[in-house]
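Shown next: input.txt, given as compact mmCIF, C-alpha atoms.
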# COMPACT_ATOMS: atom_id res chain seq x y z
CA MET A 48 101.13 60.31 89.78
CA SER A 49 104.44 59.40 91.45
CA THR A 50 107.81 61.07 90.89
CA LEU A 51 111.11 59.73 92.19
CA PHE A 52 114.12 62.02 92.68
CA VAL A 53 117.38 60.09 92.87
CA ASN A 54 121.06 60.75 93.61
CA ILE A 55 120.21 63.78 95.76
CA LYS A 56 123.52 65.18 97.01
CA GLU A 57 121.88 66.05 100.35
CA LEU A 58 118.26 65.92 101.48
CA VAL A 59 117.81 68.64 104.10
CA GLN A 60 115.42 69.01 107.04
CA VAL A 61 114.26 65.40 107.18
CA GLU A 62 112.20 64.00 110.04
CA ASP A 63 110.32 60.80 110.83
CA ARG A 64 107.42 62.65 112.45
CA PRO A 65 106.47 66.34 112.42
CA LYS A 66 108.13 68.48 115.06
CA LYS A 67 106.18 71.28 116.70
CA MET A 68 109.08 73.73 116.49
CA VAL A 69 112.83 73.91 117.08
CA CYS A 70 114.22 75.84 120.07
CA SER A 71 117.49 76.92 121.64
CA THR A 72 120.54 74.75 120.91
CA ASP A 73 118.40 72.38 118.84
CA MET A 74 118.20 75.13 116.22
CA LYS A 75 121.82 74.35 115.38
CA LEU A 76 120.79 70.81 114.41
CA LEU A 77 119.61 70.27 110.83
CA PRO A 78 118.97 66.60 110.05
CA THR A 79 120.00 65.58 106.54
CA ILE A 80 120.61 62.50 104.41
CA LYS A 81 123.47 62.44 101.91
CA ASN A 82 123.14 60.54 98.63
CA ALA A 83 119.38 60.28 99.05
CA TYR A 84 116.18 59.61 97.17
CA LEU A 85 112.76 61.28 97.53
CA LEU A 86 109.45 59.84 96.34
CA ILE A 87 106.38 62.03 95.98
CA GLU A 88 102.87 60.91 95.08
CA ASN A 89 100.41 63.51 93.83
CA ASN A 90 100.84 66.41 96.30
CA LEU A 91 102.43 64.54 99.21
CA ILE A 92 105.81 63.14 100.25
CA LYS A 93 105.57 59.35 100.05
CA ASP A 94 109.05 58.09 100.98
CA PHE A 95 112.71 59.10 101.30
CA GLY A 96 116.00 57.63 102.45
CA LYS A 97 119.51 56.68 101.42
CA MET A 98 120.08 55.56 97.83
CA GLU A 99 121.67 52.36 99.06
CA ASN A 100 118.43 51.46 100.85
CA MET A 101 116.02 52.53 98.09
CA PRO A 102 113.38 49.89 97.31
CA LYS A 103 112.24 49.23 93.77
CA PHE A 104 109.40 51.54 92.74
CA ASN A 105 107.12 50.71 89.82
CA SER A 106 105.36 53.15 87.50
CA VAL A 107 107.21 56.26 88.61
CA GLU A 108 108.78 59.14 86.73
CA CYS A 109 112.46 59.21 87.70
CA ILE A 110 114.46 62.46 87.89
CA ASP A 111 118.23 62.40 88.50
CA VAL A 112 119.38 65.38 90.57
CA SER A 113 123.04 64.46 90.97
CA GLY A 114 125.10 67.19 92.59
CA LYS A 115 122.01 69.07 93.77
CA ILE A 116 120.50 69.61 97.22
CA ILE A 117 116.80 69.34 98.10
CA LEU A 118 115.28 71.21 101.04
CA PRO A 119 111.72 72.15 102.02
CA THR A 120 110.27 75.34 100.60
CA TRP A 121 110.40 78.44 102.77
CA CYS A 122 107.49 79.22 105.09
CA ASP A 123 107.04 83.01 105.15
CA SER A 124 104.82 83.79 108.13
CA HIS A 125 104.63 87.60 107.91
CA THR A 126 103.85 89.54 104.72
CA HIS A 127 101.70 92.37 103.37
CA ILE A 128 101.81 91.19 99.74
CA VAL A 129 98.38 92.57 98.82
CA PHE A 130 99.04 96.25 98.18
CA ALA A 131 98.58 98.80 95.40
CA GLY A 132 101.37 100.65 93.63
CA ASN A 133 104.61 101.31 95.48
CA ARG A 134 106.31 103.80 97.81
CA GLU A 135 109.46 104.47 95.82
CA GLN A 136 109.41 108.18 96.68
CA GLU A 137 109.61 107.38 100.39
CA PHE A 138 112.70 105.29 99.68
CA ILE A 139 114.28 108.42 98.24
CA ASP A 140 113.03 110.51 101.17
CA ARG A 141 114.81 108.16 103.58
CA ILE A 142 118.02 108.45 101.58
CA ASN A 143 117.65 112.22 101.97
CA GLY A 144 117.46 111.90 105.75
CA LEU A 145 113.80 111.49 106.73
CA SER A 146 112.98 108.78 109.27
CA TYR A 147 110.15 106.23 108.97
CA GLU A 148 108.24 108.19 111.62
CA GLU A 149 108.82 111.56 109.89
CA ILE A 150 107.57 110.18 106.59
CA ALA A 151 104.44 108.87 108.34
CA ILE A 152 103.78 112.27 109.96
CA LYS A 153 103.79 114.01 106.57
CA GLY A 154 101.20 111.59 105.16
CA GLY A 155 103.44 108.83 103.93
CA GLY A 156 103.82 105.32 105.27
CA ILE A 157 100.79 103.15 105.84
CA LEU A 158 98.35 105.97 105.09
CA ASN A 159 99.96 106.48 101.69
CA SER A 160 99.44 102.80 100.84
CA ALA A 161 95.86 102.97 102.15
CA LYS A 162 95.03 105.92 99.91
CA LYS A 163 96.32 104.06 96.84
CA LEU A 164 94.57 100.82 97.75
CA GLN A 165 91.23 102.50 98.40
CA ALA A 166 91.35 103.91 94.85
CA THR A 167 92.26 100.54 93.29
CA SER A 168 89.62 98.11 92.04
CA GLU A 169 89.45 94.65 93.52
CA ASN A 170 90.38 93.08 90.19
CA ASP A 171 93.38 95.35 89.69
CA LEU A 172 94.52 94.70 93.27
CA TYR A 173 94.30 90.96 92.61
CA GLU A 174 96.32 91.22 89.39
CA GLN A 175 99.09 93.22 91.07
CA SER A 176 99.24 90.80 93.99
CA ALA A 177 99.18 87.68 91.78
CA ILE A 178 102.43 88.80 90.17
CA ARG A 179 104.06 88.92 93.61
CA ILE A 180 102.71 85.49 94.56
CA HIS A 181 104.21 83.95 91.45
CA GLU A 182 107.47 85.77 92.17
CA ILE A 183 107.85 84.40 95.70
CA MET A 184 106.95 80.87 94.56
CA LYS A 185 109.79 80.98 92.04
CA LEU A 186 112.08 82.11 94.87
CA GLY A 187 111.20 79.03 96.91
CA THR A 188 108.32 80.06 99.19
CA GLY A 189 105.69 77.33 99.56
CA ALA A 190 103.50 78.79 102.32
CA VAL A 191 102.82 82.41 103.13
CA GLU A 192 100.77 84.56 105.49
CA ILE A 193 99.22 87.74 104.04
CA LYS A 194 97.76 90.59 106.09
CA SER A 195 95.16 93.19 105.32
CA GLY A 196 95.80 96.60 106.89
CA TYR A 197 96.23 98.87 103.88
CA GLY A 198 92.49 99.35 103.57
CA LEU A 199 91.67 101.17 106.83
CA THR A 200 88.00 101.37 105.83
CA LYS A 201 85.37 98.67 106.11
CA GLN A 202 85.04 98.39 102.33
CA SER A 203 88.76 98.29 101.58
CA GLU A 204 89.76 95.93 104.40
CA LEU A 205 87.15 93.44 103.20
CA LYS A 206 88.35 93.97 99.62
CA MET A 207 91.88 93.03 100.65
CA LEU A 208 90.74 89.91 102.46
CA ARG A 209 88.64 88.80 99.48
CA VAL A 210 91.71 89.20 97.25
CA ILE A 211 93.77 87.09 99.67
CA ARG A 212 91.09 84.38 99.57
CA LYS A 213 91.05 84.41 95.77
CA LEU A 214 94.84 84.13 95.65
CA ASN A 215 94.65 81.11 97.95
CA ASN A 216 92.05 79.51 95.69
CA ASP A 217 93.97 80.22 92.47
CA PHE A 218 97.54 79.33 93.42
CA PRO A 219 99.03 76.07 94.75
CA ILE A 220 100.93 77.88 97.51
CA THR A 221 99.23 77.65 100.92
CA ILE A 222 98.08 81.11 102.01
CA LYS A 223 96.95 82.11 105.51
CA ALA A 224 95.01 85.38 105.92
CA THR A 225 95.33 87.89 108.75
CA PHE A 226 92.93 90.73 109.52
CA LEU A 227 95.05 93.79 110.38
CA GLY A 228 92.43 96.54 110.47
CA ALA A 229 94.32 98.14 113.37
CA HIS A 230 97.44 98.85 111.33
CA ALA A 231 97.32 102.64 111.62
CA LEU A 232 94.79 105.39 112.31
CA PRO A 233 93.09 106.84 109.24
CA SER A 234 93.68 110.59 109.09
CA GLU A 235 90.04 111.35 109.86
CA PHE A 236 90.36 109.43 113.15
CA LYS A 237 93.77 110.70 114.26
CA ASN A 238 92.19 112.42 117.27
CA ASN A 239 89.65 109.68 117.96
CA LYS A 240 91.35 106.30 118.14
CA LYS A 241 88.54 104.79 120.21
CA GLU A 242 85.99 105.47 117.48
CA TYR A 243 88.16 103.80 114.84
CA LEU A 244 88.73 100.75 117.05
CA ASP A 245 84.97 100.62 117.61
CA ILE A 246 84.52 100.35 113.84
CA VAL A 247 87.18 97.63 113.55
CA ILE A 248 85.67 95.61 116.39
CA GLN A 249 81.95 96.22 115.95
CA GLU A 250 81.56 96.65 112.17
CA ILE A 251 84.40 94.88 110.35
CA LEU A 252 85.39 92.02 112.65
CA PRO A 253 81.94 90.33 112.67
CA ILE A 254 81.88 90.25 108.84
CA VAL A 255 85.44 88.91 108.68
CA ALA A 256 84.44 86.11 111.04
CA LYS A 257 81.07 85.37 109.42
CA GLU A 258 82.57 85.14 105.91
CA LYS A 259 85.66 83.26 107.19
CA LEU A 260 87.95 85.79 105.55
CA ALA A 261 90.83 85.46 108.02
CA ASN A 262 92.64 82.89 110.12
CA PHE A 263 94.40 85.41 112.35
CA ILE A 264 93.99 88.86 113.93
CA ASP A 265 96.80 91.43 114.13
CA ILE A 266 97.46 94.93 115.48
CA PHE A 267 100.42 97.31 115.30
CA CYS A 268 101.24 97.65 119.01
CA GLU A 269 103.66 100.56 118.94
CA THR A 270 104.16 104.10 120.24
CA GLY A 271 102.16 106.46 118.02
CA TYR A 272 99.94 103.66 116.71
CA PHE A 273 98.07 101.35 119.13
CA SER A 274 98.76 100.93 122.85
CA VAL A 275 98.90 97.76 124.91
CA LYS A 276 95.43 98.64 126.21
CA ASP A 277 94.16 98.94 122.62
CA THR A 278 95.81 95.63 121.77
CA GLU A 279 94.21 93.80 124.67
CA ARG A 280 90.81 95.25 123.83
CA LEU A 281 91.04 94.02 120.22
CA LEU A 282 92.40 90.59 121.11
CA GLU A 283 89.72 90.08 123.73
CA ALA A 284 87.01 90.96 121.21
CA SER A 285 88.48 88.75 118.48
CA ALA A 286 88.75 85.75 120.80
CA THR A 287 84.97 85.37 120.72
CA TYR A 288 85.23 84.81 116.96
CA GLY A 289 88.04 82.27 117.19
CA LEU A 290 90.66 84.41 115.45
CA ILE A 291 94.18 83.65 116.64
CA PRO A 292 96.48 86.62 117.40
CA LYS A 293 99.68 87.30 115.43
CA ILE A 294 100.81 90.77 116.41
CA HIS A 295 103.34 93.46 115.49
CA VAL A 296 105.39 94.31 118.60
CA ASN A 297 108.71 95.90 119.62
CA GLN A 298 109.60 97.37 116.23
CA PHE A 299 110.71 100.77 117.47
CA ASN A 300 109.84 100.62 121.16
CA ALA A 301 109.27 97.90 123.77
CA ILE A 302 106.00 98.91 125.45
CA GLY A 303 104.60 95.60 126.70
CA GLY A 304 103.26 94.16 123.46
CA VAL A 305 105.09 90.87 123.96
CA GLN A 306 103.38 90.42 127.32
CA ALA A 307 99.98 91.16 125.77
CA GLY A 308 100.64 88.64 123.02
CA VAL A 309 101.57 85.86 125.42
CA LYS A 310 98.64 86.73 127.68
CA PHE A 311 96.24 86.17 124.77
CA ASN A 312 98.07 83.07 123.48
CA ALA A 313 99.32 84.74 120.31
CA LEU A 314 100.67 82.27 117.77
CA SER A 315 103.49 84.70 117.08
CA VAL A 316 104.87 88.10 118.02
CA ASP A 317 106.65 89.73 115.10
CA HIS A 318 109.42 92.31 114.53
CA LEU A 319 111.17 92.31 117.95
CA GLU A 320 113.94 94.68 116.93
CA GLU A 321 113.85 96.07 120.47
CA MET A 322 113.93 93.32 123.10
CA ARG A 323 114.23 93.69 126.87
CA ASN A 324 115.26 90.90 129.21
CA GLU A 325 111.70 90.78 130.55
CA ASP A 326 110.38 90.25 127.01
CA ILE A 327 112.63 87.24 126.57
CA GLU A 328 111.59 85.87 129.97
CA THR A 329 107.92 86.28 129.06
CA LEU A 330 108.38 84.23 125.89
CA LYS A 331 110.06 81.37 127.74
CA ASN A 332 107.74 78.41 128.32
CA SER A 333 105.03 80.02 126.16
CA ASN A 334 103.60 78.68 122.91
CA THR A 335 104.19 82.01 121.17
CA MET A 336 106.75 82.02 118.35
CA PRO A 337 109.05 85.07 118.12
CA VAL A 338 109.43 86.15 114.48
CA ALA A 339 112.28 88.28 113.14
CA LEU A 340 112.08 90.33 109.95
CA PRO A 341 115.70 91.06 108.96
CA SER A 342 114.90 92.49 105.53
CA CYS A 343 112.94 95.26 107.24
CA SER A 344 115.92 96.10 109.45
CA TYR A 345 118.15 96.09 106.37
CA PHE A 346 115.87 98.36 104.34
CA LEU A 347 115.10 100.85 107.12
CA SER A 348 118.58 100.76 108.72
CA ILE A 349 117.10 99.99 112.13
CA PRO A 350 118.41 97.45 114.67
CA TYR A 351 118.14 93.75 113.95
CA THR A 352 116.25 91.36 116.21
CA PRO A 353 118.82 90.10 118.78
CA ALA A 354 118.65 86.53 117.55
CA ARG A 355 121.79 85.32 119.32
CA LYS A 356 120.59 86.58 122.69
CA MET A 357 117.15 85.06 122.22
CA ILE A 358 118.23 81.65 120.94
CA ASP A 359 120.99 81.38 123.54
CA ALA A 360 118.36 82.14 126.21
CA GLY A 361 116.42 79.06 125.10
CA LEU A 362 113.86 80.53 122.69
CA PRO A 363 112.82 79.40 119.23
CA LEU A 364 112.91 81.93 116.38
CA ALA A 365 111.23 82.15 113.00
CA LEU A 366 112.27 84.28 110.04
CA ALA A 367 109.86 86.02 107.66
CA SER A 368 110.14 88.57 104.86
CA ASP A 369 107.65 91.31 105.88
CA TYR A 370 107.10 91.86 102.14
CA ASN A 371 105.39 95.27 101.88
CA PRO A 372 105.70 98.46 99.83
CA GLY A 373 107.14 100.71 102.52
CA SER A 374 109.71 98.91 104.65
CA THR A 375 110.48 95.67 102.78
CA PRO A 376 109.65 95.67 99.07
CA SER A 377 110.95 92.12 98.63
CA GLY A 378 109.66 88.64 99.42
CA ASN A 379 112.98 86.92 98.76
CA MET A 380 113.37 84.48 101.64
CA ASN A 381 116.81 83.47 100.38
CA PHE A 382 117.97 87.01 101.15
CA VAL A 383 116.21 86.82 104.54
CA VAL A 384 118.16 83.67 105.40
CA SER A 385 121.43 85.26 104.24
CA THR A 386 120.80 88.46 106.19
CA ALA A 387 119.99 86.49 109.34
CA CYS A 388 123.37 84.78 109.08
CA ILE A 389 125.34 87.91 108.16
CA LYS A 390 123.73 90.50 110.42
CA MET A 391 122.10 88.47 113.21
CA LYS A 392 124.92 85.91 113.60
CA MET A 393 122.65 82.92 113.08
CA THR A 394 124.26 79.77 111.75
CA PRO A 395 122.99 78.42 108.41
CA GLU A 396 121.33 75.59 110.34
CA GLU A 397 119.54 78.03 112.66
CA ALA A 398 118.44 80.24 109.77
CA ILE A 399 117.09 77.32 107.72
CA ASN A 400 115.23 75.96 110.75
CA ALA A 401 113.80 79.44 111.37
CA ALA A 402 112.65 79.80 107.75
CA THR A 403 111.14 76.33 107.43
CA ILE A 404 109.80 74.40 110.44
CA ASN A 405 109.53 77.42 112.77
CA GLY A 406 107.98 79.53 110.02
CA ALA A 407 105.43 76.77 109.47
CA TYR A 408 104.59 76.77 113.18
CA ALA A 409 104.06 80.55 113.07
CA MET A 410 101.23 79.90 110.59
CA GLY A 411 99.82 76.79 112.27
CA LEU A 412 101.19 74.63 109.45
CA GLU A 413 103.82 72.56 111.27
CA LYS A 414 101.92 69.31 110.57
CA THR A 415 101.90 69.81 106.79
CA HIS A 416 104.79 72.11 105.88
CA GLY A 417 108.35 73.01 106.80
CA SER A 418 110.19 69.68 106.51
CA ILE A 419 110.76 66.58 104.42
CA CYS A 420 108.44 64.15 106.20
CA ILE A 421 106.19 61.36 104.92
CA GLY A 422 102.62 62.66 104.64
CA LYS A 423 103.61 66.33 104.44
CA LYS A 424 103.06 68.48 101.37
CA ALA A 425 105.44 67.81 98.47
CA ASN A 426 106.87 71.32 98.71
CA PHE A 427 110.60 71.53 98.10
CA ILE A 428 113.45 73.40 96.49
CA ILE A 429 116.02 71.80 94.19
CA THR A 430 119.21 73.83 94.19
CA LYS A 431 121.72 74.27 91.43
CA PRO A 432 124.89 72.18 91.89
CA ILE A 433 126.33 73.75 95.07
CA PRO A 434 128.93 72.56 97.59
CA SER A 435 126.61 72.60 100.65
CA TYR A 436 123.39 74.09 102.02
CA GLY A 437 125.53 76.74 103.75
CA PHE A 438 126.32 78.06 100.28
CA ILE A 439 122.74 79.42 100.04
CA PRO A 440 123.21 82.14 102.71
CA TYR A 441 126.91 82.54 101.84
CA SER A 442 126.26 83.46 98.21
CA PHE A 443 123.81 86.25 99.07
CA GLY A 444 122.44 88.09 96.05
CA ASN A 445 122.78 85.03 93.83
CA ASN A 446 119.90 82.69 93.13
CA GLN A 447 120.98 79.11 93.88
CA ILE A 448 117.54 77.65 93.10
CA GLU A 449 117.20 75.51 89.99
CA SER A 450 113.55 74.52 90.46
CA VAL A 451 110.70 74.62 92.96
CA TYR A 452 107.93 72.07 93.51
CA ILE A 453 104.73 73.08 95.31
CA GLU A 454 101.97 70.55 95.97
CA GLY A 455 104.00 68.08 93.89
CA ASN A 456 104.04 70.27 90.79
CA LEU A 457 106.95 72.10 89.20
CA VAL A 458 106.45 75.87 89.53
Could you write out this structure as structure tokens?
Amino acid sequence: MSTLFVNIKELVQVEDRPKKMVCSTDMKLLPTIKNAYLLIENNLIKDFGKMENMPKFNSVECIDVSGKIILPTWCDSHTHIVFAGNREQEFIDRINGLSYEEIAIKGGGILNSAKKLQATSENDLYEQSAIRIHEIMKLGTGAVEIKSGYGLTKQSELKMLRVIRKLNNDFPITIKATFLGAHALPSEFKNNKKEYLDIVIQEILPIVAKEKLANFIDIFCETGYFSVKDTERLLEASATYGLIPKIHVNQFNAIGGVQAGVKFNALSVDHLEEMRNEDIETLKNSNTMPVALPSCSYFLSIPYTPARKMIDAGLPLALASDYNPGSTPSGNMNFVVSTACIKMKMTPEEAINAATINGAYAMGLEKTHGSICIGKKANFIITKPIPSYGFIPYSFGNNQIESVYIEGNLV
């Protein structure tokens, strides 16, 4: 089936051939076509261009979108969408003065989520997570990465990964899975980190690989969680199974996680609220995508990733939501884009590039997602009548999306 969208006010993020990523000053460039058409066939983009050059198409459904802008759906490369319950009480604890670290010490944080998830059936966990998947699709996300890491036992980590696989099978959105068994230390292993890592590497990892339950491997490389040495040990072990690293680094402290990520050819290093000059230098000329999570900084009132410094130094940058119950209970990528502009001083062009083509790269999807390009997935957002694409981050808190198409179908 073919559908033709005509009289598009502006068609955003167009390209003749897929780019790998966008870096440095090029992030300020956002190619568009004004007064455009877009043809999709089944689940792919078939053609696009200026209305004045539009050929005659036969046997197509025609939709007039006068006054509206079309742009590719968001590519959210860092989430923890599969979780049980919520951590509303910790939100109140933070308002009352407790830090993220203090809440974790008293049994909250990741261990709180793990306790709830372990007690939740696989079916119930799926049903809770499916609601969130539908929610983010309606908000314009067309590809998403989901991590395990709230299981912290062999049984529960595998349960999470099976739920992620089922979500990918049941929904049109493209989902990439990440094994994050080394997210925190279970309380029974708090004095024996080596033993827990042994379980992750020797008992869980082989099953994850054998059953093809994950595309990526992750670890929380942070003071009080897992060291650089721990990180390198896990990444070295996972390399034999072909799992690509995507790791949490530099959230609260810069301890060398960026260097470990680049050393092991990580697809991305994520968080980066604390960045040293040597971290930026390490990322230069690497294939590792830095990923910022501004909603997390907003929610926890911690520093924002120094986007201006990084982009001006020649780096690319991706934006992701970090959707999780403790530090970012929202998967709204529109808010992420707005926050990047408001708090990180990114231009609308830089933020849209970071949330589309660079986000796609951070999931290994740059050939199929993240832009309006012939042969790519027919994943796009149709806005309400708005003056420009810059109005999306400007009007933060308001939903400027009229409709979303994923795999060529209206969500």
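You will find CA of Pro395 (chain A) at 14.9 Å from CA of Pro363 (chain A).
Taking all atoms listed in the file into account, Asp369 (chain A) lies nearest to A:Leu340 out of the set A:Val191, A:Ile419, A:Leu340, A:Met322.
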Quiz prompt | Residues near Gln306 (chain A), cut-off 9 Å, only C-alpha atoms, skip fewer than 5 positions along chain, as number ranges by chain | solution = A: 275, 311, 325-326, 329-330
Practice problem: Have a look at CA of Met207 (chain A) and CA of Gln175 (chain A) and let me know their distance in Å, one decimal. | Solution: 12.0 Å
Quiz item: Which is closest to Leu214 (chain A) among A:Glu449, A:Glu454, A:Glu235, A:Glu174, if we use only C-alpha atoms?
Solution: A:Glu174
Quiz prompt | Surrounding residues of His416 (chain A) excluding itself and chain neighbours under 6 positions, 10 Å, all atoms listed in the file, as JSON, numbers by chain | solution = {"A": [65, 119, 120, 121, 122, 189, 190, 221, 403, 404, 405, 406, 407, 408, 410, 422, 423, 424, 425, 426, 427]}
Practice problem: Could you check which of A:Pro353, A:Gly417, A:Gly144, A:Gly156 is closest to Thr375 (chain A), using all atoms listed in the file? | Solution: A:Gly156
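The space separating CA of Glu321 (chain A) from CA of Leu347 (chain A) comes to 14.2 Å.
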Practice problem: Point out the residue among A:Ile448, A:Val309, A:Leu145, A:Met391 with the least atom-to-atom distance to Tyr436 (chain A), counting only C-alpha atoms. | Solution: A:Ile448
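When the distance limit is 8 Å and only C-alpha atoms are what count, the residues near Lys194 (chain A), minus those fewer than 2 positions from it on the same chain, are His125, Thr126, His127, Ile128, Val129, Glu192, Gly196, Leu208, Ala224, Thr225, Phe226 and Leu227 of chain A.
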Quiz item: Using only C-alpha atoms, which residues sit within 6 Å of region 97-110 of chain A once same-chain residues fewer than 3 positions away are excluded, as a list of chain:residue names?
Solution: A:Ser49, A:Thr50, A:Leu51, A:Phe52, A:Asn82, A:Ala83, A:Tyr84
Self-check item: Spatial neighbours of Ile264 (chain A), 10 Å, only C-alpha atoms, chain gap at least 5 places, as an MDAnalysis selection string
Solution: chainID A and resid 194:195 224:229 252 281:282 285:286 289:294 313
Quiz item: When distances are computed from all atoms listed in the file, which of A:Phe299, A:Asn379, A:Cys70, A:Gly198 shows the smallest separation from Thr335 (chain A)?
Solution: A:Cys70
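Checking A:Pro440, A:Leu362, A:Gly96, A:Tyr452 one by one against Thr386 (chain A), counting all atoms listed in the file, you find the shortest gap at A:Pro440.
A cut-off of 8 Å from the point (103.7, 76.9, 94.3), with all atoms listed in the file, picks out the residues His181, Met184, Lys185, Thr188, Gly189, Phe218, Pro219, Ile220, Asn426, Val451, Tyr452, Ile453, Glu454, Asn456, Leu457 and Val458 of chain A.
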Export of prior selection with C-alpha atoms as an mmCIF file, in the coordinates of the input:
data_model
loop_
_atom_site.group_PDB
_atom_site.id
_atom_site.type_symbol
_atom_site.label_atom_id
_atom_site.label_comp_id
_atom_site.auth_asym_id
_atom_site.auth_seq_id
_atom_site.Cartn_x
_atom_site.Cartn_y
_atom_site.Cartn_z
ATOM 1 C CA HIS A 181 104.210 83.950 91.450
ATOM 2 C CA MET A 184 106.950 80.870 94.560
ATOM 3 C CA LYS A 185 109.790 80.980 92.040
ATOM 4 C CA THR A 188 108.320 80.060 99.190
ATOM 5 C CA GLY A 189 105.690 77.330 99.560
ATOM 6 C CA PHE A 218 97.540 79.330 93.420
ATOM 7 C CA PRO A 219 99.030 76.070 94.750
ATOM 8 C CA ILE A 220 100.930 77.880 97.510
ATOM 9 C CA ASN A 426 106.870 71.320 98.710
ATOM 10 C CA VAL A 451 110.700 74.620 92.960
ATOM 11 C CA TYR A 452 107.930 72.070 93.510
ATOM 12 C CA ILE A 453 104.730 73.080 95.310
ATOM 13 C CA GLU A 454 101.970 70.550 95.970
ATOM 14 C CA ASN A 456 104.040 70.270 90.790
ATOM 15 C CA LEU A 457 106.950 72.100 89.200
ATOM 16 C CA VAL A 458 106.450 75.870 89.530
#
Using all atoms of region 236-254 of chain A listed in the file and a margin of 6 Å per side, can you give the axis-aligned box centre and edge lengths in Å to one decimal, as JSON?
{"center_x": 87.7, "center_y": 101.3, "center_z": 114.5, "size_x": 24.2, "size_y": 34.2, "size_z": 23.4}
